[in-house]
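J.: Structure in structure tokens, see below.
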Amino acid sequence: MISAGIDVGGKNVHIVITKNGTILAKMGGPTGINKAEAAEKLYAEALKKAGLKREDVTRVVATGSSGPRVAFANGVIPDAAADARGVIKLIPSARTIIDVGGEEGRAIKISPEGKVLDFAINERCAAGTGTFVDTMSRALEVPVEEMAKLSLKSTQSIPMNAQCAVFGESEVVSLIHQKTSKQDIARAVHDAIAGRIGSVARIVGLEKDVVMIGGVAKNPGFVESLKRDLGMEVKVPDDPDFVGALGAATAAAAGVLEEKVQAKVVEKETIEEGKA
Amino acid sequence: MVETKKVEYWRWPETSWVNPDIDWKKAKFVTAGVDVGSVSSQAVIMVDGQLYAYSNTRTGSDSPESAWKCINMALKDSDMKVENIDYCIGTGYGRVNVPMAQTTITEIACHARGANFMYGPEIRTVMDMGGQDCKAIRCDDRGKVMKFMMNDKCAAGTGRGMEVFADLIRVPVWEIGPRSFQIEKEPPMISSTCVVFAKTEVVGLLQEGVPENDIMAAYCAAMAHRITELLNRLGMEEKFAITGGIAKNEGVVKRLEKELGVKTADKVWYDPKMKDKGLPFDTQIAGGIGAALFAFAMLERGKAQSARKA
Amino acid sequence: MEASEILKQFSDVWELRHEYAKDWKRRTGGKVVGYFCTYEPEEVLYAANVLPVRILGGHEAPTLATPHMFDMWCPFSRDCLNQGLQGKYDYLDGIMATNCCLHPRQAFGAWTIHVPTPWNYWFVMPNAVRSPRAKKFLRGELEDFKKAIEEWTGKKIADKDLDRGIDIMNTNRRLMKQVYELRKADNPPLTGAEAMTMVWASQLMDKREHNESLKQLVTALPQRKLARDTGVRLMIVGSENDDRPFMQMVETVGGTFVIEDHCTGSRYFWDEVVPDKDRLQAIANRYCDRVPCPNKDWGMQDCSRARFPHILQLAKDYRVQGAILIQQKFCDPHELDIPSLRRYLESNGIPCYFLEFEVTVPIGQFRIRVEAFLEQIRAEELFV
Amino acid sequence: MAKYKIKGLDCWNRAKELRARYYKDYQEAHQRGALRWEGGAWSFDAIPQALEGEVHGLTEEPYGASIGADPALQVRYQEAAEGKWGCARDLCAYLRNYWGSIVLNEFAFGGEWPKADFIFQNHICCTHAKWLQVADEIEGGDIPYFCFDVGAGAYDKIGERQINYVVEQLQDGIDFLEKATKRKIVDEKLIQNVQNTYDSCCYWAKTCELNQAIPAPLDEKTMFSLYVLGTLEKSHKDIADFYKNRLYPEVKDRVANKIAAVADEQCRVLGDSQPPWGFLSIFRYLEKYGIVSVASLYTFSLIGWWKIDKAGKLVPYPTLEEQGITIKDRDHALRLLAEGELKGKLMWAPFYGAKYKNDIVAKIAKQWKCDASIIHLNRGCEGTAQHQMEMKIAVQKLGLPVMTFEGNMADEREFDEGRTKRFIDLFVTETLGLKKVAE
């Protein structure tokens with residue numbers, strides 16, 4: 001059976017098409033302004049890459065913060081659920097998942113079957129997300145990939161005080177003025193976020209194996225900082241940013257079909273409101 | 001993960017100006033104020049307390065460089081050299097890294113003093129909307145700070161935020177103000193003013209097909225609201241003037257006036273001579289003006305010696 | 001000994017607090033009890049030859065505390081718990097807390113569950129300290145506390161022991177007050193950061209040793225001249241404060257802290273126990289009559305506060321030109337007082353500036369605020 | 001096809017009527033020559049209500065909560081408190097609503113802010129004494145103010161000394177009241193009020209106890225609106241009568257007839273702390289999955305009195321009848337009142353340590369047959385947010401799945417409805433493995 005998983009996040013769309021569990025095609029790209037369109041377009045490309053027609057695909061499951069926007073999906077599953085399914089497929093020994101994407105960092109505790117037992121997310125501030133890294137790389141005037149390499153060369157740890165991404169930016173600038181090496185600054189940035197994410201992970205409890213996924217997992221500098229913060233090994237699968245999509249595809253194959261979750265807000269009820 | 005930069009919608013034009021009617025060589029004191037902010041840098045040159053030249057440039061990652069860049073730009077159409085300056089005061093967020101400055105004074109004091117010079121002695125409340133700080137200042141008729149407050153450890157509702165927004169919505173930053181009024185009716189404001197999360201929210205609105213102008217209106221309104229909160233905490237007293245970059249954004253200013261129920265002082269020189277000559281009025285140079293005026297005062301009062309090298 | 005050397009000793013105890021406590025145990029074979037709030041009656045602990053050490057900030061991101069205290073709890077309390085969870089206090093024989101504010105109770109609660117400590121005690125300190133009923137009630141609680149310690153240490157606490165405990169504490173208070181007296185000078189012989197380091201040390205080390213150093217300090221300080229301009233005479237008021245980088249930063253940009261009202265400063269030691277043949281009652285009276293924490297400061301007939309006039313008096317005695325009001329983020333007791341305190345001080349001609357502390361303060365952002373505040377105070381120099 | 005019958009509460013309108021009357025009485029008190037007083041929901045209203053003549057109180061928390069139920073109003077009030085008075089944004093959300101209301105001189109139920117004649121407060125958390133101390137200041141500082149302290153220790157440590165400490169303060173409180181109002185305390189009234197207080201507090205606990213039944217006759221969302229009366233004036237005979245003779249019998253009858261709060265009850269949830277009042281809709285959202293919040297330490301013991309019996313079970317605190325007590329005189333009344341509030345109100349236990357809360361919560365989870373727990377990490381009230389993370393760990397140890405979500409009982413700026421529903425979807429479909437029930 002052929003199934004597809006589509007992960008539509010804040011910044012990127014990731015698509016995985018599988019046949020009886022084996023991956024036929026992976027396709028990723030930026031969401032741009034219109035996420036639905038981007039998903040549509042990339043899905044077409046993915047099918048082409050896999051040499052398939054739409055009707056060949058039995059079931060499509062979407063996930064990610066904008067999963068519900070994917071009109072052609074047969075169902076939607078929550079992103080943490082997709083993470084869990086994807087990770088357990090790739091690394092069966094995984095018990096704790098740390099997923100750091102552009103706008104959210106989350107930790108998930110899973111059972112050996114890949115069921116979500118507990119989860120926590122980095123609440124309401126950007127200082128624990130990929131965006132923080134992007135902002136800092138802009139301030140440091142080196143691309144993120146470069147930052148990763150630099151931080152691995154760093155020899156000392158400098159604490160960053162700023163919580164806010166924008167103040168972090170100016171803290172980086174003042175570190176530059178203090179003639180702090182770019183290596184050390186890069187590490188300071190990674191350590192700062194790792195600290196935030198690390199404490200989120202501790203909320204669900206750190207059970208081995210800890211697996212990190214999401215776009216930021218491609219940043220070895222950050223992974224290093226995270227290992228340091230957690231004081232334990234952190235595994236990273238190949239293409240860590242495709243894991244959510246893979247999980248959705250797995251769900252599709254398994255036939256998990258949640259009816260689309262409407263985001264409509266129920267009208268407010270007051271304290272007098274009762275059962276009557 | 002790294003964003004490849006397209007057109008930089010946040011980038012605004014850099015400017016400079018020299019007053020042709022002043023012969024600085026006759027001056028008793030030539031003073032300068034260099035305001036190195038987190039986003040923009042200005043240099044202001046004053047001749048015996050008269051505005052002689054200024055520049056408004058973008059701050060790079062290196063403050064000393066930015067300082068040189070803006071002071072050289074201010075003097076590019078003048079025969080004055082930096083060595084001719086008697087006393088220079090550095091201000092702004094990068095004030096400690098202004099090589100040509102003899103001393104530093106915070107932008108809070110400088111903006112109050114500058115606003116007093118630009119808008120006149122009736123100003124009692126000054127709002128400096130800078131790159132990453134909002135400063136609400138109460139001052140007396142000489143522009144002396146009586147009380148002030150700054151935004152908390154988060155950059156929501158600052159100039160930097162507006163730039164990120166401009167980039168995101170792909171509209172030149174100076175167009176946001178005017179376009180934010182080309183709307184049917186005022187939309188609800190963006191709920192999160194956090195630079196990063198506002199981004200998420202804006203993207204959401206764009207996807208729901210909310211017209212760009214409405215989103216700009218919603219963002220400007222959110223910013224105006226943040227500033228109102230700060231002013232309420234400070235305790236607002238008229239007349240009220242705005243300095244800094246955001247002052248140029250009518251979209252924010254008009255909404256701010258509406259929410260406060262207070263009119264902001266007109267952006268024209270208080271000094272009739274300057275007004276009549278139609279000298280350019282740039283709200284971003286208030287800090288530099290204040291610094292240059294303080295430098296002049298310190299020389300006059302013998303609190304400082306001329307550092308003139310030539 | 002030189003004043004500077006003695007102050008250096010205090011600074012060393014502050015920096016090497018754990019080494020000090022471990023060494024003290026080795027030297028004396030005594031027990032060490034950690035405590036959170038200055039309403040814990042150290043007199044009784046000293047009477048039992050138990051060393052009380054206050055849990056103070058470690059100033060590292062409290063990542064281990066997050067699973068136990070989510071971030072609406074004050075950073076100081078989270079910091080305290082974090083150090084417990086890191087094992088930094090593994091040498092403690094006991095840990096105790098009291099009815100102060102709700103924040104340290106979180107830390108204490110988690111501590112008793114997750115940080116193995118042989119003995120723990122919850123000491124009930126009444127909140128209505130201005131009620132005539134509190135003193136009697138507190139005496140009873142002290143009785144229980146004394147019993148609990150006797151059972152724990154297996155030694156009876158006699159009146160002479162209580163007298164010793166009271167004397168150690170009172171001597172310490174008296175000597176530190178003498179040092180503070182010197183801060184009234186035009187050019188104080190010690191900075192605010194140094195003065196507070198002295199108080200922190202007092203909360204961390206054996207007060208008998210602290211007292212010996214203080215005796216020398218009191219004689220040595222008058223000869224000390226600091227090669228610095230005192231600048232603006234500042235007061236700092238608010239919640240727990242052990243942020244030395246902040247104190248030092250302010251004193252490098254043109255100000256000097258000449259007095260403060262913190263439970264890590266004058267509020268901790270200002271009042272002595274007035275001896276009475278009923279020792280426990282004497283101790284109870286002291287803790288009810290001391291300069292209160294805002295949390296315990298309310299009137300019996302009206303909305304008056306006992307704390308405000310005291311703070312104003314300090315400001316006058318120390319010729320304060322401006323006050324910096326600080327609080328740990330989320331510190332309700334101080335958040336509840338500060339708007340009123342600010343109005344009170346400003347109406348009495350003392351300009352105020354407010355700052356909110358976290359585990360680490362963003363020095364850069366605070367520096368500009370402080371500089372601007374100092375400029376505001378001496379602005380006249382800048383006008384023709 | 002629904003699993004159980006459901007039916008609205010017959011006494012519902014009576015509850016609404018009592019609540020409405022309470023605020024109206026306070027507002028109009030002066031027109032009737034009656035006195036007005038402010039205090040907390042736990043301020044032993046039995047005492048000021050025993051003053052001769054007509055007296056009406058305003059309790060601060062429920063008032064703040066009512067404002068919280070209306071996000072637009074709440075933001076306006078809070079911005080007034082934060083802006084015009086200058087208080088911190090992270091203070092108790094009820095308090096900011098309350099102060100803002102005074103700052104704007106607006107009574108949330110219409111008209112101007114009705115200034116009180118005196119304040120009779122008690123200090124239950126860091127906020128309480130200061131709440132009305134500052135309110136008094138905002139109003140000019142001329143309101144006679146009294147605040148007593150109940151911080152005498154945890155329920156299992158309450159002995160003679162602790163009771164005496166509170167009773168003596170109450171006696172001082174009576175002197176204060178008589179001096180401030182130039183009216184006398186009427187002992188007959190006081191005795192009756194204490195009797196009523198016992199009925200309100202014990203019968204609320206008995207009603208909560210009935211919720212151990214499957215299906216649960218009440219869901220927490222409804223209970224929120226029912227305990228409110230007890231936070232207004234538990235010493236009032238109409239309110240005591242409501243709990244004893246209207247609510248309790250009706251809920252008993254629901255249990256007998258298997259009338260459910262939620263038709264498709266399939267998962268019983270243990271809650272904690274106040275809900276985000278402006279967003280009670282999340283409870284409706286849970287019902288789509290057949291999830292019923294049936295119990296919480298907060299809802300049970302905010303007004304309910306409880307004790308732990310010999311078997312270690314959590315049971316309602318005995319009424320005076322059950323104890324065979326008739327109140328003799330004023331001191332007897334004060335003593336009984338202090339006893340009930342100090343020993344019976346387990347809500348206070350968490351203030352003395354995480355273990356207390358965990359023990360009680362574990363009993364509730366077992367006795368009320370909870371399958372899971374959803375904890376509102378309430379940034380608006382540090383009192384009820386005591387040890388919530390420790391509670392999470394403890395409940396997970398019991399084998400119950402736990403979901404937490406950050407929010408604020410009365411500051412919508414700190415609650416993200418969309419995200420919370422996302423959490424619920426994940427928790428319910430994945431961790432609990434439940435499907436939405438057909439609508």
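Labels for the structure tokens follow display order: chains A, B, ..., residues from 1 in each chain, ligands from 1.
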Return as number ranges by chain the residues belonging to chain D that are within 8 Å of chain C, counting only C-alpha atoms.

T.: D: 85-88, 90-91, 123, 125-127, 129-131, 133-134, 136-137, 141-149, 151-153, 161-162, 165, 168-169, 176, 351-355, 379, 382-383, 386-390

J.: With N, CA and C atoms retained, export the selected residues as a short mmCIF file (atom, residue, chain, number, x, y, z; two decimals), in the first residue's frame.

T.:
data_model
loop_
_atom_site.label_atom_id
_atom_site.label_comp_id
_atom_site.auth_asym_id
_atom_site.auth_seq_id
_atom_site.Cartn_x
_atom_site.Cartn_y
_atom_site.Cartn_z
N TRP D 85 -2.19 52.62 38.27
CA TRP D 85 -1.64 52.42 39.61
C TRP D 85 -0.19 51.98 39.54
N GLY D 86 0.17 51.25 38.48
CA GLY D 86 1.57 50.88 38.28
C GLY D 86 1.95 49.56 38.91
N CYS D 87 1.00 48.65 39.03
CA CYS D 87 1.33 47.36 39.64
C CYS D 87 1.88 46.40 38.58
N ALA D 88 2.56 45.37 39.06
CA ALA D 88 3.17 44.39 38.17
C ALA D 88 2.10 43.57 37.47
N ASP D 90 2.24 40.50 36.69
CA ASP D 90 2.14 39.08 37.09
C ASP D 90 1.52 38.91 38.47
N LEU D 91 0.99 39.97 39.03
CA LEU D 91 0.27 39.81 40.30
C LEU D 91 -1.03 39.04 40.07
N HIS D 123 -5.46 36.89 56.01
CA HIS D 123 -4.26 36.70 55.19
C HIS D 123 -4.06 35.21 54.92
N CYS D 125 -2.78 34.08 51.71
CA CYS D 125 -1.62 33.94 50.83
C CYS D 125 -0.90 35.27 50.83
N CYS D 126 0.22 35.35 50.14
CA CYS D 126 1.01 36.60 50.15
C CYS D 126 0.16 37.81 49.74
N THR D 127 -0.86 37.53 48.94
CA THR D 127 -1.59 38.63 48.32
C THR D 127 -2.65 39.25 49.22
N ALA D 129 -3.61 40.17 52.51
CA ALA D 129 -3.59 41.35 53.39
C ALA D 129 -3.30 42.60 52.57
N LYS D 130 -2.40 42.46 51.61
CA LYS D 130 -1.95 43.61 50.83
C LYS D 130 -3.04 44.06 49.85
N TRP D 131 -3.80 43.12 49.37
CA TRP D 131 -4.86 43.37 48.38
C TRP D 131 -5.74 44.53 48.81
N GLN D 133 -5.24 46.32 51.61
CA GLN D 133 -4.43 47.41 52.15
C GLN D 133 -4.22 48.43 51.04
N VAL D 134 -3.85 47.93 49.85
CA VAL D 134 -3.62 48.83 48.72
C VAL D 134 -4.94 49.40 48.20
N ASP D 136 -7.45 50.10 49.86
CA ASP D 136 -7.73 51.18 50.80
C ASP D 136 -6.93 52.42 50.41
N GLU D 137 -5.64 52.23 50.15
CA GLU D 137 -4.79 53.36 49.74
C GLU D 137 -5.32 54.03 48.48
N GLY D 141 -7.17 55.84 51.66
CA GLY D 141 -6.61 55.36 52.93
C GLY D 141 -7.46 55.62 54.16
N ASP D 142 -8.74 55.94 53.95
CA ASP D 142 -9.58 56.28 55.11
C ASP D 142 -10.58 55.18 55.49
N ILE D 143 -10.43 53.98 54.88
CA ILE D 143 -11.33 52.89 55.24
C ILE D 143 -10.74 52.12 56.41
N PRO D 144 -11.45 52.02 57.53
CA PRO D 144 -10.95 51.22 58.66
C PRO D 144 -10.60 49.80 58.17
N TYR D 145 -9.43 49.33 58.55
CA TYR D 145 -8.90 48.09 57.99
C TYR D 145 -8.50 47.12 59.09
N PHE D 146 -8.98 45.89 58.97
CA PHE D 146 -8.54 44.85 59.89
C PHE D 146 -8.23 43.59 59.10
N CYS D 147 -7.11 42.95 59.43
CA CYS D 147 -6.77 41.71 58.75
C CYS D 147 -6.19 40.74 59.76
N PHE D 148 -6.76 39.54 59.82
CA PHE D 148 -6.21 38.54 60.74
C PHE D 148 -5.50 37.45 59.96
N ASP D 149 -4.69 36.71 60.67
CA ASP D 149 -3.77 35.75 60.07
C ASP D 149 -4.22 34.33 60.40
N GLY D 151 -2.40 31.75 59.15
CA GLY D 151 -1.24 30.93 58.85
C GLY D 151 -0.69 30.25 60.08
N ALA D 152 -1.46 29.36 60.66
CA ALA D 152 -1.08 28.75 61.94
C ALA D 152 -0.52 27.35 61.77
N GLY D 153 -0.55 26.82 60.56
CA GLY D 153 -0.01 25.48 60.36
C GLY D 153 -0.93 24.59 59.56
N ARG D 161 -3.14 25.75 70.60
CA ARG D 161 -2.43 27.01 70.38
C ARG D 161 -2.84 27.66 69.07
N GLN D 162 -2.88 26.83 68.02
CA GLN D 162 -3.22 27.36 66.70
C GLN D 162 -4.64 27.95 66.72
N TYR D 165 -4.73 31.17 68.70
CA TYR D 165 -4.12 32.29 67.97
C TYR D 165 -5.18 32.95 67.08
N GLU D 168 -8.24 34.47 69.28
CA GLU D 168 -7.88 35.75 69.92
C GLU D 168 -7.89 36.88 68.90
N GLN D 169 -7.39 36.60 67.70
CA GLN D 169 -7.41 37.64 66.66
C GLN D 169 -8.85 38.00 66.31
N PHE D 176 -12.53 45.67 66.89
CA PHE D 176 -12.32 46.58 65.75
C PHE D 176 -13.66 46.91 65.09
N PHE D 351 -0.12 24.80 51.30
CA PHE D 351 0.71 25.95 51.64
C PHE D 351 1.86 25.53 52.56
N TYR D 352 1.76 24.33 53.14
CA TYR D 352 2.79 23.90 54.09
C TYR D 352 3.66 22.79 53.53
N GLY D 353 3.53 22.50 52.26
CA GLY D 353 4.42 21.50 51.69
C GLY D 353 3.77 20.69 50.59
N ALA D 354 4.60 20.26 49.65
CA ALA D 354 4.13 19.50 48.50
C ALA D 354 3.53 18.16 48.93
N LYS D 355 4.13 17.55 49.97
CA LYS D 355 3.67 16.21 50.37
C LYS D 355 2.20 16.23 50.77
N ARG D 379 -1.14 30.78 36.11
CA ARG D 379 -0.22 31.90 36.38
C ARG D 379 -0.92 33.03 37.12
N GLU D 382 -0.96 32.18 42.65
CA GLU D 382 0.11 31.33 43.16
C GLU D 382 -0.36 30.48 44.33
N GLY D 383 -1.43 30.92 44.98
CA GLY D 383 -1.95 30.13 46.09
C GLY D 383 -2.41 28.76 45.63
N GLN D 386 0.12 26.20 44.02
CA GLN D 386 1.14 25.58 44.87
C GLN D 386 1.44 24.16 44.42
N HIS D 387 2.73 23.88 44.23
CA HIS D 387 3.20 22.51 44.00
C HIS D 387 2.51 21.80 42.83
N GLN D 388 2.09 22.53 41.81
CA GLN D 388 1.40 21.86 40.70
C GLN D 388 2.30 20.90 39.95
N MET D 389 3.57 21.26 39.81
CA MET D 389 4.46 20.35 39.08
C MET D 389 4.74 19.10 39.92
N GLU D 390 4.85 19.27 41.23
CA GLU D 390 5.02 18.10 42.10
C GLU D 390 3.79 17.21 42.00
#

J.: Given only C-alpha atoms, how would the per-residue table for chain D near chain B read, listing every residue at most 10 Å away with its closest atom pair and distance in Å to one decimal, sorted by chain and number, as a tab-separated table?

T.:
residue	atom	partner	partner_atom	distance
D:Glu79	CA	B:Glu229	CA	7.4
D:Ala80	CA	B:Asn232	CA	8.4
D:Ala81	CA	B:Arg233	CA	9.5
D:Glu82	CA	B:Arg233	CA	7.0
D:Gly83	CA	B:Arg233	CA	4.3
D:Lys84	CA	B:Arg233	CA	6.0
D:Trp85	CA	B:Arg233	CA	7.6
D:Gly86	CA	B:Arg233	CA	5.6
D:Cys87	CA	B:Arg233	CA	8.9
D:Arg413	CA	B:Ser191	CA	8.4

J.: Could you save the residues just selected, with N, CA, C and O atoms, as a PDB file, in the first residue's frame?

T.:
ATOM      1  N   GLU D  79      -5.412  46.750  32.662  1.00  0.00           N
ATOM      2  CA  GLU D  79      -4.519  47.777  32.135  1.00  0.00           C
ATOM      3  C   GLU D  79      -4.617  49.043  32.970  1.00  0.00           C
ATOM      4  O   GLU D  79      -3.632  49.770  33.132  1.00  0.00           O
ATOM      5  N   ALA D  80      -5.770  49.272  33.561  1.00  0.00           N
ATOM      6  CA  ALA D  80      -5.901  50.426  34.453  1.00  0.00           C
ATOM      7  C   ALA D  80      -5.055  50.212  35.700  1.00  0.00           C
ATOM      8  O   ALA D  80      -4.323  51.098  36.144  1.00  0.00           O
ATOM      9  N   ALA D  81      -5.124  49.009  36.267  1.00  0.00           N
ATOM     10  CA  ALA D  81      -4.349  48.715  37.479  1.00  0.00           C
ATOM     11  C   ALA D  81      -2.856  48.789  37.176  1.00  0.00           C
ATOM     12  O   ALA D  81      -2.084  49.384  37.924  1.00  0.00           O
ATOM     13  N   GLU D  82      -2.481  48.220  36.039  1.00  0.00           N
ATOM     14  CA  GLU D  82      -1.057  48.175  35.682  1.00  0.00           C
ATOM     15  C   GLU D  82      -0.563  49.557  35.258  1.00  0.00           C
ATOM     16  O   GLU D  82       0.500  49.996  35.679  1.00  0.00           O
ATOM     17  N   GLY D  83      -1.366  50.251  34.461  1.00  0.00           N
ATOM     18  CA  GLY D  83      -0.946  51.550  33.954  1.00  0.00           C
ATOM     19  C   GLY D  83      -1.104  52.640  34.999  1.00  0.00           C
ATOM     20  O   GLY D  83      -0.132  53.234  35.441  1.00  0.00           O
ATOM     21  N   LYS D  84      -2.336  52.854  35.442  1.00  0.00           N
ATOM     22  CA  LYS D  84      -2.599  54.019  36.294  1.00  0.00           C
ATOM     23  C   LYS D  84      -2.065  53.831  37.710  1.00  0.00           C
ATOM     24  O   LYS D  84      -1.564  54.763  38.323  1.00  0.00           O
ATOM     25  N   TRP D  85      -2.188  52.622  38.266  1.00  0.00           N
ATOM     26  CA  TRP D  85      -1.644  52.415  39.612  1.00  0.00           C
ATOM     27  C   TRP D  85      -0.185  51.981  39.537  1.00  0.00           C
ATOM     28  O   TRP D  85       0.610  52.300  40.410  1.00  0.00           O
ATOM     29  N   GLY D  86       0.170  51.254  38.478  1.00  0.00           N
ATOM     30  CA  GLY D  86       1.567  50.880  38.278  1.00  0.00           C
ATOM     31  C   GLY D  86       1.955  49.556  38.910  1.00  0.00           C
ATOM     32  O   GLY D  86       3.096  49.337  39.285  1.00  0.00           O
ATOM     33  N   CYS D  87       1.000  48.651  39.027  1.00  0.00           N
ATOM     34  CA  CYS D  87       1.334  47.357  39.641  1.00  0.00           C
ATOM     35  C   CYS D  87       1.883  46.397  38.583  1.00  0.00           C
ATOM     36  O   CYS D  87       1.705  46.596  37.387  1.00  0.00           O
ATOM     37  N   ARG D 413      -4.659  37.405  28.440  1.00  0.00           N
ATOM     38  CA  ARG D 413      -3.411  37.633  27.706  1.00  0.00           C
ATOM     39  C   ARG D 413      -2.417  36.499  27.947  1.00  0.00           C
ATOM     40  O   ARG D 413      -1.427  36.383  27.254  1.00  0.00           O
TER      41      ARG D 413
END

J.: Pull out every residue of chain B that has at least one atom within 7 Å of chain C, counting only C-alpha atoms, and report them as number ranges by chain.

T.: B: 106, 108-109, 144-146, 294, 297-298, 301

J.: For the residues in the current selection, export all heavy atoms as a short mmCIF file (atom, residue, chain, number, x, y, z; two decimals), in the first residue's frame.

T.:
data_model
loop_
_atom_site.label_atom_id
_atom_site.label_comp_id
_atom_site.auth_asym_id
_atom_site.auth_seq_id
_atom_site.Cartn_x
_atom_site.Cartn_y
_atom_site.Cartn_z
N THR B 106 23.65 59.09 28.30
CA THR B 106 22.65 58.16 27.78
C THR B 106 21.68 58.87 26.83
O THR B 106 21.43 60.07 26.94
CB THR B 106 21.81 57.56 28.90
OG1 THR B 106 21.05 58.60 29.51
CG2 THR B 106 22.68 56.89 29.93
N ILE B 108 18.64 58.69 26.89
CA ILE B 108 17.44 59.19 27.57
C ILE B 108 17.57 60.69 27.80
O ILE B 108 16.74 61.49 27.38
CB ILE B 108 17.21 58.44 28.90
CG1 ILE B 108 16.76 57.01 28.61
CG2 ILE B 108 16.16 59.12 29.75
CD1 ILE B 108 17.69 55.96 29.04
N ALA B 109 18.70 61.09 28.43
CA ALA B 109 18.94 62.52 28.67
C ALA B 109 19.01 63.26 27.33
O ALA B 109 18.45 64.33 27.17
CB ALA B 109 20.23 62.70 29.45
N LYS B 144 15.17 68.78 30.83
CA LYS B 144 15.83 67.99 31.87
C LYS B 144 14.92 66.84 32.29
O LYS B 144 13.73 67.04 32.53
CB LYS B 144 16.14 68.90 33.07
CG LYS B 144 16.74 68.19 34.24
CD LYS B 144 17.00 69.16 35.39
CE LYS B 144 17.05 68.42 36.71
NZ LYS B 144 17.02 69.34 37.86
N VAL B 145 15.50 65.65 32.34
CA VAL B 145 14.71 64.45 32.66
C VAL B 145 14.21 64.50 34.09
O VAL B 145 14.97 64.75 35.03
CB VAL B 145 15.56 63.17 32.46
CG1 VAL B 145 14.78 61.94 32.88
CG2 VAL B 145 16.00 63.06 31.00
N MET B 146 12.91 64.30 34.29
CA MET B 146 12.34 64.25 35.63
C MET B 146 12.04 62.81 36.04
O MET B 146 12.07 62.44 37.20
CB MET B 146 11.04 65.06 35.69
CG MET B 146 11.16 66.49 35.15
SD MET B 146 12.49 67.38 35.97
CE MET B 146 11.74 67.67 37.56
N PHE B 294 24.59 69.23 24.97
CA PHE B 294 25.24 68.99 26.27
C PHE B 294 26.73 69.31 26.16
O PHE B 294 27.32 69.92 27.05
CB PHE B 294 25.02 67.55 26.72
CG PHE B 294 23.64 67.28 27.25
CD1 PHE B 294 22.97 66.10 26.92
CD2 PHE B 294 22.99 68.18 28.08
CE1 PHE B 294 21.70 65.83 27.41
CE2 PHE B 294 21.72 67.92 28.57
CZ PHE B 294 21.08 66.74 28.24
N ALA B 297 27.12 72.95 26.33
CA ALA B 297 26.90 73.44 27.70
C ALA B 297 28.11 73.15 28.57
O ALA B 297 28.56 74.00 29.35
CB ALA B 297 25.65 72.76 28.28
N MET B 298 28.69 71.98 28.42
CA MET B 298 29.84 71.61 29.26
C MET B 298 31.03 72.52 28.98
O MET B 298 31.74 72.94 29.89
CB MET B 298 30.20 70.14 29.04
CG MET B 298 29.19 69.19 29.69
SD MET B 298 29.40 67.47 29.16
CE MET B 298 30.88 67.05 30.05
N ARG B 301 30.27 76.00 30.44
CA ARG B 301 30.35 76.04 31.90
C ARG B 301 31.72 75.61 32.41
O ARG B 301 31.91 75.43 33.61
CB ARG B 301 29.26 75.13 32.50
CG ARG B 301 27.85 75.58 32.15
CD ARG B 301 26.83 74.82 32.95
NE ARG B 301 27.09 74.97 34.41
CZ ARG B 301 26.42 74.30 35.34
NH1 ARG B 301 25.51 73.41 34.98
NH2 ARG B 301 26.67 74.48 36.62
#

J.: Counting only C-alpha atoms, which residue out of C:Arg279, C:Arg290, C:His59, C:His210 sits closest to C:Glu43?

T.: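 Answer, going by the shortest atom-to-atom distance: C:Arg279.
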
J.: Would you please extract all alpha helix (DSSP H) residues from stretch 246-342 of chain D, as assigned by DSSP on the backbone, and give them as a VMD selection string?

T.: chain D and resid 248 to 256 281 to 287 297 to 301 320 to 323 330 to 339

J.: Set the cut-off to 9 Å and count only C-alpha atoms: what are the residues of chain A that reach chain C? Output as a PyMOL selection string.

T.: chain A and resi 159-162+167+171+174+195-196+198-205

J.: Write out as a ChimeraX atom specification which residues come within 6 Å of B:Cys110 when counting only C-alpha atoms, dropping same-chain ones fewer than 4 positions away.

T.: /B:114,287,290-291

J.: Listing only residues of chain D within 6 Å of chain A, what is the closest atom pair and its distance in Å (to one decimal) for each, using only C-alpha atoms, sorted by chain and residue number ascending, as a tab-separated table?

T.:
residue	atom	partner	partner_atom	distance
D:Gly8	CA	A:Ala276	CA	4.2
D:Ala69	CA	A:Thr270	CA	5.2
D:Thr222	CA	A:Gly274	CA	5.6
D:Leu426	CA	A:Pro78	CA	5.7
D:Glu430	CA	A:Val116	CA	5.9
D:Thr431	CA	A:Val116	CA	5.3
